[in-house]
Every structure is written in C-alpha cells, then in structure tokens.
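J.: Following this line is structure22.txt, made up of compact mmCIF, C-alpha atoms:
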```txt
# COMPACT_ATOMS: atom_id res chain seq x y z
CA MET A 1 124.12 168.68 80.30
CA ARG A 2 125.51 165.84 82.39
CA ARG A 3 129.20 165.78 83.13
CA ALA A 4 131.10 162.71 82.01
CA LEU A 5 131.74 160.34 84.87
CA LEU A 6 135.45 160.13 84.14
CA ALA A 7 137.61 162.81 82.62
CA LEU A 8 139.45 160.23 80.51
CA GLY A 9 136.33 159.66 78.44
CA ALA A 10 135.77 156.06 79.52
CA VAL A 11 132.58 155.63 81.50
CA ALA A 12 133.20 153.46 84.55
CA ALA A 13 130.49 151.15 85.83
CA LEU A 14 129.68 151.84 89.46
CA THR A 15 129.05 149.42 92.26
CA LEU A 16 126.97 150.33 95.28
CA SER A 17 129.51 149.22 97.80
CA ALA A 18 127.36 147.57 100.48
CA CYS A 19 126.31 144.55 98.57
CA THR A 20 128.72 141.94 100.05
CA THR A 21 128.25 142.68 102.97
CA GLY A 22 134.86 159.01 116.69
CA SER A 23 135.43 161.29 118.99
CA THR A 24 133.54 160.69 122.22
CA ASN A 25 132.80 164.37 122.79
CA THR A 26 130.15 165.37 125.28
CA PRO A 27 127.06 166.23 123.19
CA THR A 28 126.33 169.93 122.84
CA THR A 29 123.94 172.00 120.80
CA GLN A 30 125.13 172.38 117.21
CA THR A 31 123.88 174.92 114.69
CA GLN A 32 124.55 174.37 110.99
CA THR A 33 124.48 177.03 108.31
CA ASN A 34 122.53 174.80 105.96
CA GLY A 35 120.20 173.12 108.45
CA SER A 36 118.12 173.89 111.50
CA PRO A 37 119.68 173.68 114.98
CA ALA A 38 120.41 170.09 115.95
CA ALA A 39 120.18 169.50 119.68
CA ASN A 40 122.44 166.89 121.28
CA PHE A 41 124.75 166.49 118.28
CA PRO A 42 128.51 166.72 118.94
CA SER A 43 130.31 170.01 118.45
CA SER A 44 131.64 170.67 114.95
CA GLN A 45 134.89 172.20 116.23
CA PRO A 46 138.12 170.48 115.10
CA VAL A 47 139.17 167.76 117.51
CA LEU A 48 142.57 166.69 116.18
CA SER A 49 145.89 168.20 115.19
CA SER A 50 147.87 167.46 112.06
CA GLY A 51 151.20 165.67 111.98
CA LYS A 52 152.89 162.54 110.70
CA ASP A 53 150.50 160.39 112.74
CA ALA A 54 147.39 162.34 111.73
CA VAL A 55 145.68 159.34 110.09
CA VAL A 56 146.35 157.24 113.20
CA ASN A 57 144.82 159.98 115.35
CA VAL A 58 141.75 160.20 113.10
CA VAL A 59 141.19 156.45 113.29
CA LYS A 60 141.62 156.29 117.06
CA SER A 61 139.17 159.14 117.48
CA VAL A 62 136.35 157.86 115.27
CA LEU A 63 136.65 154.07 115.38
CA PRO A 64 134.44 153.55 118.48
CA ALA A 65 131.57 155.29 116.64
CA VAL A 66 131.86 153.26 113.39
CA VAL A 67 129.43 150.34 113.20
CA ASN A 68 128.77 147.33 111.00
CA VAL A 69 125.25 147.30 109.49
CA VAL A 70 123.99 143.79 108.70
CA VAL A 71 120.71 143.25 106.85
CA ASP A 72 118.52 140.31 105.93
CA THR A 73 116.69 140.49 102.61
CA ALA A 74 114.88 138.07 100.34
CA ALA A 75 118.13 137.75 98.37
CA GLY A 76 120.18 136.86 101.46
CA GLN A 77 122.33 138.72 103.96
CA GLY A 78 124.28 141.88 103.18
CA GLU A 79 126.68 144.15 105.02
CA GLY A 80 127.52 147.81 105.09
CA THR A 81 128.85 150.45 107.44
CA GLY A 82 127.36 153.25 109.51
CA PHE A 83 128.46 155.83 112.05
CA ILE A 84 126.89 157.10 115.26
CA VAL A 85 126.07 160.81 115.17
CA ARG A 86 124.13 161.14 118.42
CA SER A 87 124.82 159.35 121.70
CA ASP A 88 121.23 158.13 122.09
CA GLY A 89 121.53 155.77 119.12
CA ILE A 90 121.12 157.87 115.94
CA ILE A 91 123.16 156.29 113.13
CA VAL A 92 123.79 157.35 109.53
CA THR A 93 124.31 154.94 106.63
CA ASN A 94 123.41 154.60 102.93
CA TYR A 95 119.84 153.99 101.85
CA HIS A 96 120.89 151.19 99.53
CA VAL A 97 122.49 149.36 102.48
CA VAL A 98 119.11 148.84 104.18
CA GLU A 99 116.81 148.92 101.15
CA ASN A 100 114.30 146.04 101.05
CA ALA A 101 115.62 144.67 104.36
CA SER A 102 113.40 142.49 106.53
CA LYS A 103 115.82 142.86 109.44
CA VAL A 104 118.49 145.45 110.24
CA ALA A 105 121.14 144.84 112.91
CA VAL A 106 124.00 147.09 114.04
CA LEU A 107 127.23 145.76 115.58
CA THR A 108 129.74 147.98 117.34
CA SER A 109 133.42 147.96 116.39
CA ALA A 110 134.59 146.86 119.82
CA ASP A 111 136.75 143.73 120.14
CA ASP A 112 133.67 142.07 121.63
CA PRO A 113 130.94 143.67 119.47
CA VAL A 114 127.54 144.53 120.92
CA GLN A 115 124.59 143.88 118.59
CA TYR A 116 121.45 146.03 118.42
CA ASP A 117 118.26 145.75 116.40
CA ALA A 118 117.78 148.90 114.31
CA ARG A 119 115.00 150.55 112.35
CA VAL A 120 114.99 153.28 109.72
CA ILE A 121 113.55 156.54 111.06
CA GLY A 122 114.19 158.72 108.03
CA GLY A 123 116.31 159.28 104.96
CA ASP A 124 116.39 160.25 101.31
CA VAL A 125 116.63 157.66 98.56
CA GLY A 126 117.72 160.39 96.11
CA ALA A 127 120.74 161.15 98.29
CA ASP A 128 121.41 157.50 99.22
CA LEU A 129 120.85 158.38 102.89
CA ALA A 130 119.23 156.38 105.66
CA VAL A 131 119.00 157.37 109.32
CA LEU A 132 118.73 154.52 111.82
CA ASP A 133 117.80 154.34 115.48
CA ILE A 134 118.89 151.79 118.07
CA ASP A 135 117.82 151.49 121.69
CA ALA A 136 120.99 152.63 123.44
CA ASN A 137 122.46 155.61 125.28
CA ASP A 138 125.85 157.12 126.09
CA LEU A 139 127.35 155.89 122.84
CA PRO A 140 130.55 157.31 121.28
CA THR A 141 129.89 159.68 118.38
CA VAL A 142 131.54 161.28 115.37
CA THR A 143 131.35 164.95 114.51
CA LEU A 144 129.68 166.20 111.32
CA GLY A 145 132.11 168.47 109.49
CA ASP A 146 131.78 171.02 106.69
CA SER A 147 131.98 169.49 103.20
CA ASP A 148 131.57 172.93 101.63
CA ALA A 149 135.02 173.79 102.99
CA LEU A 150 136.74 170.87 101.24
CA GLN A 151 139.45 171.65 98.71
CA LEU A 152 140.90 169.65 95.83
CA GLY A 153 143.90 167.69 97.01
CA GLN A 154 142.85 167.76 100.67
CA ARG A 155 143.65 164.58 102.59
CA VAL A 156 140.75 162.34 103.65
CA VAL A 157 140.32 159.00 105.40
CA ALA A 158 137.65 156.34 104.74
CA VAL A 159 136.63 153.81 107.38
CA GLY A 160 134.34 150.85 106.79
CA TYR A 161 133.72 147.13 106.77
CA ALA A 162 135.24 146.53 103.35
CA LEU A 163 134.46 143.16 101.76
CA GLY A 164 132.91 141.93 105.02
CA LEU A 165 136.34 140.79 106.21
CA GLU A 166 136.80 139.43 109.71
CA GLY A 167 138.68 141.54 112.23
CA GLY A 168 136.81 144.84 112.21
CA PRO A 169 136.71 147.82 109.86
CA SER A 170 139.34 148.73 107.27
CA VAL A 171 141.04 152.11 106.90
CA THR A 172 142.10 153.75 103.64
CA ALA A 173 143.47 157.24 103.00
CA GLY A 174 143.77 159.52 100.00
CA ILE A 175 142.88 162.94 98.71
CA VAL A 176 139.82 164.76 97.39
CA SER A 177 139.95 164.30 93.61
CA SER A 178 136.77 166.20 92.70
CA LEU A 179 133.91 167.94 94.50
CA THR A 180 131.22 168.14 91.83
CA ARG A 181 130.79 164.72 90.27
CA GLN A 182 127.46 163.44 89.03
CA ILE A 183 127.25 159.64 89.06
CA ASP A 184 124.75 157.08 87.81
CA VAL A 185 124.29 153.87 89.77
CA GLN A 186 122.07 150.86 89.20
CA ASP A 187 118.79 151.16 91.10
CA THR A 188 119.09 148.30 93.61
CA GLY A 189 115.38 148.56 94.29
CA CYS A 190 114.73 147.63 90.66
CA PRO A 191 117.23 144.96 89.54
CA VAL A 192 118.53 144.58 86.01
CA SER A 193 116.50 141.39 85.56
CA GLU A 194 113.29 143.40 86.00
CA CYS A 195 114.10 146.93 84.86
CA GLY A 196 116.99 146.56 82.45
CA ALA A 197 120.48 148.01 82.63
CA ASN A 198 119.30 151.58 82.11
CA GLN A 199 117.29 151.78 85.36
CA THR A 200 119.57 154.06 87.38
CA ARG A 201 119.67 156.59 90.15
CA VAL A 202 121.59 159.82 89.77
CA TYR A 203 123.52 161.43 92.64
CA ASP A 204 124.68 165.04 92.20
CA HIS A 205 127.57 167.04 93.72
CA VAL A 206 129.39 163.93 94.88
CA ILE A 207 132.92 163.87 96.31
CA GLN A 208 135.41 161.83 94.30
CA THR A 209 138.37 160.44 96.22
CA ASP A 210 141.24 158.04 95.60
CA ALA A 211 140.81 156.55 99.08
CA ALA A 212 139.78 152.97 98.28
CA ILE A 213 136.04 152.30 98.66
CA ASN A 214 135.07 148.65 98.30
CA PRO A 215 131.93 146.56 98.81
CA GLY A 216 131.01 146.79 102.49
CA ASN A 217 132.34 150.37 102.83
CA SER A 218 128.94 151.81 101.91
CA GLY A 219 127.52 154.08 104.57
CA GLY A 220 130.84 154.60 106.32
CA PRO A 221 132.37 157.99 107.05
CA LEU A 222 134.74 159.92 104.81
CA LEU A 223 136.73 162.06 107.26
CA ASN A 224 138.92 165.14 107.11
CA MET A 225 142.10 165.26 109.13
CA ASP A 226 140.26 166.83 112.08
CA GLY A 227 138.28 163.60 112.43
CA GLN A 228 135.06 165.17 111.15
CA VAL A 229 132.68 163.47 108.71
CA VAL A 230 132.67 165.30 105.38
CA GLY A 231 131.05 162.56 103.29
CA ILE A 232 129.17 159.26 103.36
CA ASN A 233 130.97 156.60 101.31
CA SER A 234 128.53 155.38 98.69
CA ALA A 235 130.01 153.86 95.54
CA GLY A 236 133.17 152.60 93.92
CA ALA A 237 134.08 152.34 90.26
CA ASN A 238 134.64 148.71 89.25
CA GLN A 239 136.36 149.42 85.92
CA ALA A 240 138.85 151.98 87.17
CA GLU A 241 141.47 152.10 89.92
CA ASN A 242 141.61 154.52 92.84
CA ILE A 243 138.18 156.05 92.31
CA GLY A 244 135.50 156.18 94.97
CA PHE A 245 132.54 158.42 95.63
CA ALA A 246 130.92 159.87 98.75
CA ILE A 247 127.77 161.91 99.37
CA GLN A 248 128.61 165.40 100.65
CA ILE A 249 127.60 165.61 104.30
CA ASP A 250 126.34 169.21 104.04
CA SER A 251 123.72 168.13 101.49
CA VAL A 252 122.10 165.69 103.93
CA LYS A 253 122.50 167.38 107.34
CA PRO A 254 118.95 168.81 107.34
CA THR A 255 117.50 165.33 106.67
CA ILE A 256 119.61 163.79 109.45
CA PHE A 257 118.53 166.47 111.93
CA GLN A 258 114.88 166.17 110.93
CA ALA A 259 114.88 162.39 111.32
CA ALA A 260 116.61 162.57 114.69
CA GLU A 261 114.23 165.15 116.13
CA HIS A 262 111.05 163.82 114.46
CA PRO A 263 111.54 160.11 113.76
CA SER A 264 109.00 158.33 111.60
CA GLN A 265 106.41 156.32 113.47
CA PRO A 266 107.01 152.56 113.78
CA VAL A 267 105.12 150.53 111.17
CA ALA A 268 103.65 147.10 111.94
CA PHE A 269 105.49 144.12 110.50
CA MET A 270 104.45 140.49 110.08
CA GLY A 271 107.57 139.14 108.39
CA ILE A 272 106.13 137.63 105.22
CA SER A 273 106.08 138.01 101.47
CA SER A 274 102.86 136.95 99.77
CA GLY A 275 101.14 136.76 96.42
CA PRO A 276 97.45 136.68 95.44
CA ALA A 277 96.01 133.18 95.37
CA SER A 278 94.26 134.05 92.08
CA ASP A 279 97.54 134.83 90.29
CA PRO A 280 98.38 132.13 87.69
CA GLN A 281 102.09 132.19 88.53
CA VAL A 282 101.36 131.76 92.24
CA GLN A 283 98.96 128.93 91.43
CA PHE A 284 101.60 127.23 89.27
CA GLU A 285 104.34 127.45 91.91
CA PHE A 286 102.36 126.83 95.10
CA ALA A 287 99.06 125.20 94.04
CA PRO A 288 96.98 126.83 96.80
CA PRO A 289 93.79 124.92 97.66
CA VAL A 290 91.74 128.17 97.50
CA ASP A 291 91.46 130.90 94.88
CA ARG A 292 91.13 133.86 97.26
CA GLY A 293 93.61 135.00 99.88
CA ALA A 294 97.32 135.76 100.24
CA VAL A 295 99.70 132.86 99.59
CA ILE A 296 102.88 132.95 101.67
CA VAL A 297 105.89 132.84 99.34
CA ASP A 298 108.56 133.74 101.92
CA VAL A 299 108.80 133.96 105.72
CA VAL A 300 111.39 136.03 107.60
CA GLY A 301 113.25 133.77 110.01
CA GLY A 302 112.57 134.78 113.60
CA GLY A 303 109.85 137.21 112.53
CA PRO A 304 106.29 137.37 113.89
CA ALA A 305 104.81 134.98 111.30
CA ASP A 306 107.64 132.49 111.77
CA ASP A 307 107.15 132.57 115.54
CA ALA A 308 103.44 131.84 115.03
CA GLY A 309 104.17 128.78 112.88
CA ILE A 310 103.17 130.21 109.49
CA VAL A 311 105.11 128.58 106.64
CA VAL A 312 105.66 129.02 102.91
CA GLY A 313 102.67 127.62 101.01
CA ASP A 314 100.09 128.61 103.62
CA THR A 315 97.29 130.90 102.43
CA ILE A 316 96.03 133.64 104.74
CA VAL A 317 92.26 133.96 104.30
CA ARG A 318 91.38 135.99 107.44
CA PHE A 319 93.22 138.68 109.36
CA ASP A 320 91.86 140.06 112.63
CA GLY A 321 88.37 138.85 111.75
CA ARG A 322 88.32 140.28 108.21
CA ALA A 323 88.32 138.20 105.04
CA VAL A 324 91.55 138.48 103.03
CA THR A 325 91.11 138.60 99.27
CA ASP A 326 94.71 139.11 98.09
CA SER A 327 98.21 140.10 99.19
CA GLU A 328 97.76 143.84 98.62
CA GLN A 329 94.75 143.96 100.92
CA LEU A 330 96.65 141.92 103.53
CA GLY A 331 99.47 144.46 103.48
CA GLY A 332 96.99 147.25 104.14
CA LEU A 333 95.44 145.33 107.04
CA ILE A 334 98.87 144.76 108.61
CA ARG A 335 99.81 148.45 108.29
CA SER A 336 96.51 149.50 109.87
CA HIS A 337 97.74 147.99 113.15
CA ARG A 338 100.48 149.00 115.55
CA PRO A 339 103.61 147.04 116.46
CA GLY A 340 102.85 144.85 119.45
CA ASP A 341 99.21 144.22 118.48
CA GLU A 342 98.05 140.63 118.75
CA VAL A 343 95.90 139.57 115.80
CA SER A 344 94.17 136.32 114.87
CA VAL A 345 95.13 134.96 111.45
CA GLY A 346 93.07 132.38 109.57
CA ILE A 347 95.14 130.00 107.44
CA VAL A 348 94.49 127.33 104.87
CA HIS A 349 97.48 124.98 104.71
CA ALA A 350 98.79 123.52 101.46
CA ASP A 351 97.01 120.23 102.21
CA GLY A 352 93.66 122.03 102.54
CA SER A 353 93.43 121.90 106.34
CA GLN A 354 92.50 125.08 108.19
CA ASP A 355 94.02 126.72 111.22
CA GLU A 356 93.77 129.86 113.34
CA VAL A 357 96.94 131.32 114.90
CA THR A 358 97.74 134.42 116.93
CA VAL A 359 100.47 136.69 115.62
CA THR A 360 102.13 139.45 117.65
CA LEU A 361 103.10 142.10 115.11
CA GLY A 362 106.64 143.47 115.18
CA VAL A 363 108.29 146.64 113.88
CA ASN A 364 109.07 147.02 110.18
CA PRO A 365 112.78 147.95 110.10
CA VAL A 366 112.50 149.74 106.75
CA PRO A 367 108.98 151.20 106.43
CA THR A 368 110.04 153.46 103.55
CA ALA A 369 111.32 150.62 101.34
```
Let's see the structure in the file written out as structure tokens.

T.:
Amino acid sequence: MRRALLALGAVAALTLSACTTGSTNTPTTQTQTNGSPAANFPSSQPVLSSGKDAVVNVVKSVLPAVVNVVVDTAAGQGEGTGFIVRSDGIIVTNYHVVENASKVAVLTSADDPVQYDARVIGGDVGADLAVLDIDANDLPTVTLGDSDALQLGQRVVAVGYALGLEGGPSVTAGIVSSLTRQIDVQDTGCPVSECGANQTRVYDHVIQTDAAINPGNSGGPLLNMDGQVVGINSAGANQAENIGFAIQIDSVKPTIFQAAEHPSQPVAFMGISSGPASDPQVQFEFAPPVDRGAVIVDVVGGGPADDAGIVVGDTIVRFDGRAVTDSEQLGGLIRSHRPGDEVSVGIVHADGSQDEVTVTLGVNPVPTA
C-alpha cells in the first residue's frame, strides 16, 4: 500500500523543479558496494571537516563542478542543474530536465561560464536520471557519497540554478526529513492536456529534506557535510513549505557507471517535427500541395534542416533517394543513418514548387526521449 505523501494527511502537489529554467580530486578507481567498479571516478573518501563554516566549505569544494543545463524544446527553453562526476565530461542530471529536448547545452559555474553542447548517453526515466556527455577533459568533479548511510536529522546542502536567476547557482541547507518517501509527479512526457491529471510517474525511496528546492534546482546535487553527493534534487512540493525531494544516489550509481563506461551510440538528428501529409489536421493547418509525404510543422533553430533552408510548411517527399510516404517513415529513414552523413532531401514547398537540398545530419541530444 502506498505511503501518504505527507504525514499531515494533506497531499501536496509536486512540481518537477527544472521547468523554469566539487572537489577537484585527482580521479582514482572507485568501487561501490551496490554497483560495478567505476574507473576514473573520484574517491568516495570524505574530503571536508565539520565546523561552523562547514556549509561554506561544502560550497567552495563542489561549486566548480556544478553546471547549468539549458534545453530547447518545442515548448520553449528550460533550465536545470547538473554536476560533473568524471573529469572527461560525464554529467548527472534529472531525466525530466532534458526530456523532449532538441538541444542540450551545459554552462559551467565560473564567473565567465564556458558553454558545451551535450548529449544524453544513458539514464533511467523511472528514477528521473539522465547521464550526459560533453567534449571536455580535466574538469572539476564531485564525489558520489553513500545515501544508505544517511540518518534522519543529518545536515545536507542543496546547490542549483533555482528559478533561473542571474548570478550563478543558489545554495540552501537543511536536514534529512525522511529517507523512504514515495512520490507521484506529473509525467512531463505526457502533459495534462493530453493525458489528464492522473498521468503520473512514481519515484520510490526518495529523500525528503527541508533544504529549499525550487524550479531550476532539478538535477543538482544534494550533499552531505563531507561534500559528497547523496541525492539528486528532483521535485518540490508547491502546496507545502520546506519540503523537497531528491533521488537517492545509491539507487542510480550502477546506471551512472554503466552509461559512463558504455555510452549509447549517437543517433542521427535532422532537427524537425513533422506530420503525415494525409492527416486531416495537418491538411487543415498547413494545406500541403501533396497528399503523401512528411509536412514540416517545426524546425529546430540552428539544426541541420534549418541550416539547409527547410522551413515550416515544406513537405519532404524524398530522403536519400527513397520516396517518403509519411512522418513515421521519415523518422525511420533518418535513424538509419549516422550523424555526419550528407543526404539529399526532396521538398515540395507550400506554393507547390519543388526543390532538392543537401542536409548534413547532426547528433540527437536525447535519443531516448
């Protein structure tokens, strides 16, 4: 039987907090009790000492490894937080931060931030986990701690880009309020307008804390006073004060290690959304001059299709020499290629004129979405 979300009997609605918007130890081999050995991850030994300035010490230690994750989606731009766990560019964040993204960028927390393009190399939607990769080396990292060792009342610190405010990440501190919460959150991959209010995801064995977690904090680290990551900040309660939730780090370590050592292969990306030309709704909105093909309903700015001059209202009728019958088939043809492939694309414009363009396929940043 599910536990009640709040002990007071009032069920609080949850917000997935990304939707607004480290210690630099020398990497060593780390072995976890609940995961396979993880080469090149920082040591899990405590790195800080306690004292009246313990929170300050935690922040100074981890801040260089905390990053801002910025995504472009069909609904607009969003922000979240991530943290670097391996010096060659392996970053952890929430799955819902990058879900349905057409572009994922990572910005460092330096005074003059450095921006990197990122792609998802692994994760687990059921644990709200995504593992990213950027093309960089010798980066500062945070240490993965032991969430199984947490105790009620233990002090913790949350770091993240709350509310997308200017001036870098925010810091909040509190205690562990519970270790075994089960929470329901709205499935961001299936909005209320399409699936109804009861379409939810359930996260088990979640840490509850009174360290403030706000929109933009999602994917950021929840840290113990040794500066080690014990949780991934995931959700806040929007009808209650001083309640936030974080995914226990021990529950996702094996997935992080697996993604880092065996990243998913890059998937080709054209940077479009399309609908079948035969669909009545597509015909009503775009009036394509043909009844077969894939009608472009959205183009990712700066993506491969945009660079090739493809615009909303065009209909793709040929792809790499093959006739295109609808949008589903076009998606399969795109995925059958590799990033970097140059393909010829036959187009019928909205005015009925025809064209042939060359598109250089890019990398899909979120192939699992």

J.: Taking only C-alpha atoms into account, name the residue in A:Asp138, A:Asp326, A:Glu99, A:Asp53 that is nearest to Val125 (chain A).

T.: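 Checking each candidate against Val125 (chain A), we get A:Glu99 as the closest.
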
J.: One number please: CA of Ser61 (chain A) to CA of Thr141 (chain A), in Å, one decimal.

T.: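 That distance, rounded to one decimal, is 9.3 Å.
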
J.: Quick one, how far is CA of Asn364 (chain A) from CA of Val70 (chain A)?

T.: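 One can read the CA of Asn364 (chain A) to CA of Val70 (chain A) distance as 15.3 Å.
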
J.: Mind working out the centre and edge lengths of an axis-aligned box for region 309-318 of chain A, all listed atoms inside, 8 Å added to each side, rounded to one decimal in Å and written as AutoDock Vina command-line options?

T.:
```
--center_x 98.5 --center_y 131.8 --center_z 106.9 --size_x 30.3 --size_y 24.4 --size_z 27.9
```

J.: Could you give me, as a list in words, the residues that have an atom at most 8 Å away from the point (97.9, 135.1, 114.1) in the coordinates of the file, using only C-alpha atoms?

T.: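 Answer for this query, in the requested form: Ala305, Ala308, Phe319, Asp320, Glu342, Val343, Ser344, Val345, Gly346, Glu356, Val357, Thr358, Val359 and Thr360 of chain A.
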
J.: Considering only C-alpha atoms, state which residue in the set A:Ala127, A:Val104, A:Val282, A:Leu223 is at the smallest distance from Val157 (chain A).

T.: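 Of the candidates, the smallest distance to Val157 (chain A) is held by A:Leu223.
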
J.: Go through A:Leu139, A:Val92, A:Ile207, A:Val176 and flag the residue nearest Ala110 (chain A), using all atoms listed in the file for the distances.

T.: A:Leu139

J.: Which neighbours of Ala277 (chain A) fall inside 6 Å, counting all atoms listed in the file, when residues of the same chain fewer than 6 positions from it are skipped, and could you give them as a list in words?

T.: Asp291, Arg292, Gly293, Ala294 and Val295 of chain A

J.: So, with only C-alpha atoms as the atoms that count, which of A:Asp210, A:Asp306, A:Asp88, A:Asp117 lies closest to Phe41 (chain A)?

T.: A:Asp88

J.: Would you work out the distance separating CA of His349 (chain A) from CA of Ala287 (chain A), expressed in Å to one decimal?

T.: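 Spanning CA of His349 (chain A) to CA of Ala287 (chain A) is a straight-line distance of 10.8 Å.
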
J.: For a cut-off of 7 Å around (132.0, 149.6, 102.3), file coordinates, pick out all residues using only C-alpha atoms and list them as an NGL selection string.

T.: :A and (17-18 or 80-81 or 160-163 or 213-220)

J.: Which polymer residues have any atom within 12 Å of an atom of Thr93 (chain A), counting all atoms listed in the file, with same-chain residues fewer than 2 positions away left out, as a PyMOL selection string?

T.: chain A and resi 17-18+66-70+79-85+90-91+95-99+104+106+118-125+127-133+160+216-222+231-234+246-247+249+252+256

J.: Go ahead and write the residues just picked, C-alpha atoms, as a PDB file, in the frame of the given file.

T.:
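Okay, selection-v1.pdb is ready:
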```
ATOM      1  CA  SER A  17     129.510 149.220  97.800  1.00  0.00           C
ATOM      2  CA  ALA A  18     127.360 147.570 100.480  1.00  0.00           C
ATOM      3  CA  VAL A  66     131.860 153.260 113.390  1.00  0.00           C
ATOM      4  CA  VAL A  67     129.430 150.340 113.200  1.00  0.00           C
ATOM      5  CA  ASN A  68     128.770 147.330 111.000  1.00  0.00           C
ATOM      6  CA  VAL A  69     125.250 147.300 109.490  1.00  0.00           C
ATOM      7  CA  VAL A  70     123.990 143.790 108.700  1.00  0.00           C
ATOM      8  CA  GLU A  79     126.680 144.150 105.020  1.00  0.00           C
ATOM      9  CA  GLY A  80     127.520 147.810 105.090  1.00  0.00           C
ATOM     10  CA  THR A  81     128.850 150.450 107.440  1.00  0.00           C
ATOM     11  CA  GLY A  82     127.360 153.250 109.510  1.00  0.00           C
ATOM     12  CA  PHE A  83     128.460 155.830 112.050  1.00  0.00           C
ATOM     13  CA  ILE A  84     126.890 157.100 115.260  1.00  0.00           C
ATOM     14  CA  VAL A  85     126.070 160.810 115.170  1.00  0.00           C
ATOM     15  CA  ILE A  90     121.120 157.870 115.940  1.00  0.00           C
ATOM     16  CA  ILE A  91     123.160 156.290 113.130  1.00  0.00           C
ATOM     17  CA  TYR A  95     119.840 153.990 101.850  1.00  0.00           C
ATOM     18  CA  HIS A  96     120.890 151.190  99.530  1.00  0.00           C
ATOM     19  CA  VAL A  97     122.490 149.360 102.480  1.00  0.00           C
ATOM     20  CA  VAL A  98     119.110 148.840 104.180  1.00  0.00           C
ATOM     21  CA  GLU A  99     116.810 148.920 101.150  1.00  0.00           C
ATOM     22  CA  VAL A 104     118.490 145.450 110.240  1.00  0.00           C
ATOM     23  CA  VAL A 106     124.000 147.090 114.040  1.00  0.00           C
ATOM     24  CA  ALA A 118     117.780 148.900 114.310  1.00  0.00           C
ATOM     25  CA  ARG A 119     115.000 150.550 112.350  1.00  0.00           C
ATOM     26  CA  VAL A 120     114.990 153.280 109.720  1.00  0.00           C
ATOM     27  CA  ILE A 121     113.550 156.540 111.060  1.00  0.00           C
ATOM     28  CA  GLY A 122     114.190 158.720 108.030  1.00  0.00           C
ATOM     29  CA  GLY A 123     116.310 159.280 104.960  1.00  0.00           C
ATOM     30  CA  ASP A 124     116.390 160.250 101.310  1.00  0.00           C
ATOM     31  CA  VAL A 125     116.630 157.660  98.560  1.00  0.00           C
ATOM     32  CA  ALA A 127     120.740 161.150  98.290  1.00  0.00           C
ATOM     33  CA  ASP A 128     121.410 157.500  99.220  1.00  0.00           C
ATOM     34  CA  LEU A 129     120.850 158.380 102.890  1.00  0.00           C
ATOM     35  CA  ALA A 130     119.230 156.380 105.660  1.00  0.00           C
ATOM     36  CA  VAL A 131     119.000 157.370 109.320  1.00  0.00           C
ATOM     37  CA  LEU A 132     118.730 154.520 111.820  1.00  0.00           C
ATOM     38  CA  ASP A 133     117.800 154.340 115.480  1.00  0.00           C
ATOM     39  CA  GLY A 160     134.340 150.850 106.790  1.00  0.00           C
ATOM     40  CA  GLY A 216     131.010 146.790 102.490  1.00  0.00           C
ATOM     41  CA  ASN A 217     132.340 150.370 102.830  1.00  0.00           C
ATOM     42  CA  SER A 218     128.940 151.810 101.910  1.00  0.00           C
ATOM     43  CA  GLY A 219     127.520 154.080 104.570  1.00  0.00           C
ATOM     44  CA  GLY A 220     130.840 154.600 106.320  1.00  0.00           C
ATOM     45  CA  PRO A 221     132.370 157.990 107.050  1.00  0.00           C
ATOM     46  CA  LEU A 222     134.740 159.920 104.810  1.00  0.00           C
ATOM     47  CA  GLY A 231     131.050 162.560 103.290  1.00  0.00           C
ATOM     48  CA  ILE A 232     129.170 159.260 103.360  1.00  0.00           C
ATOM     49  CA  ASN A 233     130.970 156.600 101.310  1.00  0.00           C
ATOM     50  CA  SER A 234     128.530 155.380  98.690  1.00  0.00           C
ATOM     51  CA  ALA A 246     130.920 159.870  98.750  1.00  0.00           C
ATOM     52  CA  ILE A 247     127.770 161.910  99.370  1.00  0.00           C
ATOM     53  CA  ILE A 249     127.600 165.610 104.300  1.00  0.00           C
ATOM     54  CA  VAL A 252     122.100 165.690 103.930  1.00  0.00           C
ATOM     55  CA  ILE A 256     119.610 163.790 109.450  1.00  0.00           C
TER      56      ILE A 256
END
```

J.: Give the answer as one residue: which of A:Ser102, A:Ala54, A:Gly145, A:Pro169 has the shortest atom-to-atom distance to Gln77 (chain A), using all atoms listed in the file?

T.: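 With all atoms listed in the file as the atom set, the closest residue is A:Ser102.
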
J.: Which is closest to Gly174 (chain A) among A:Pro288, A:Gly244, A:Gly89, A:Gly76, if we use all atoms listed in the file?

T.: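 Checking each candidate against Gly174 (chain A), we get A:Gly244 as the closest.
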
J.: Residues near Tyr116 (chain A), anyone? I mean within 8 Å using all atoms listed in the file, not counting same-chain ones fewer than 2 positions away, as a short mmCIF file (atom, residue, chain, number, x, y, z; two decimals) with C-alpha atoms, in the frame of the given file.

T.:
```cif
data_model
loop_
_atom_site.label_atom_id
_atom_site.label_comp_id
_atom_site.auth_asym_id
_atom_site.auth_seq_id
_atom_site.Cartn_x
_atom_site.Cartn_y
_atom_site.Cartn_z
CA ALA A 105 121.14 144.84 112.91
CA VAL A 106 124.00 147.09 114.04
CA LEU A 107 127.23 145.76 115.58
CA VAL A 114 127.54 144.53 120.92
CA ALA A 118 117.78 148.90 114.31
CA ILE A 134 118.89 151.79 118.07
CA ASP A 135 117.82 151.49 121.69
#
```
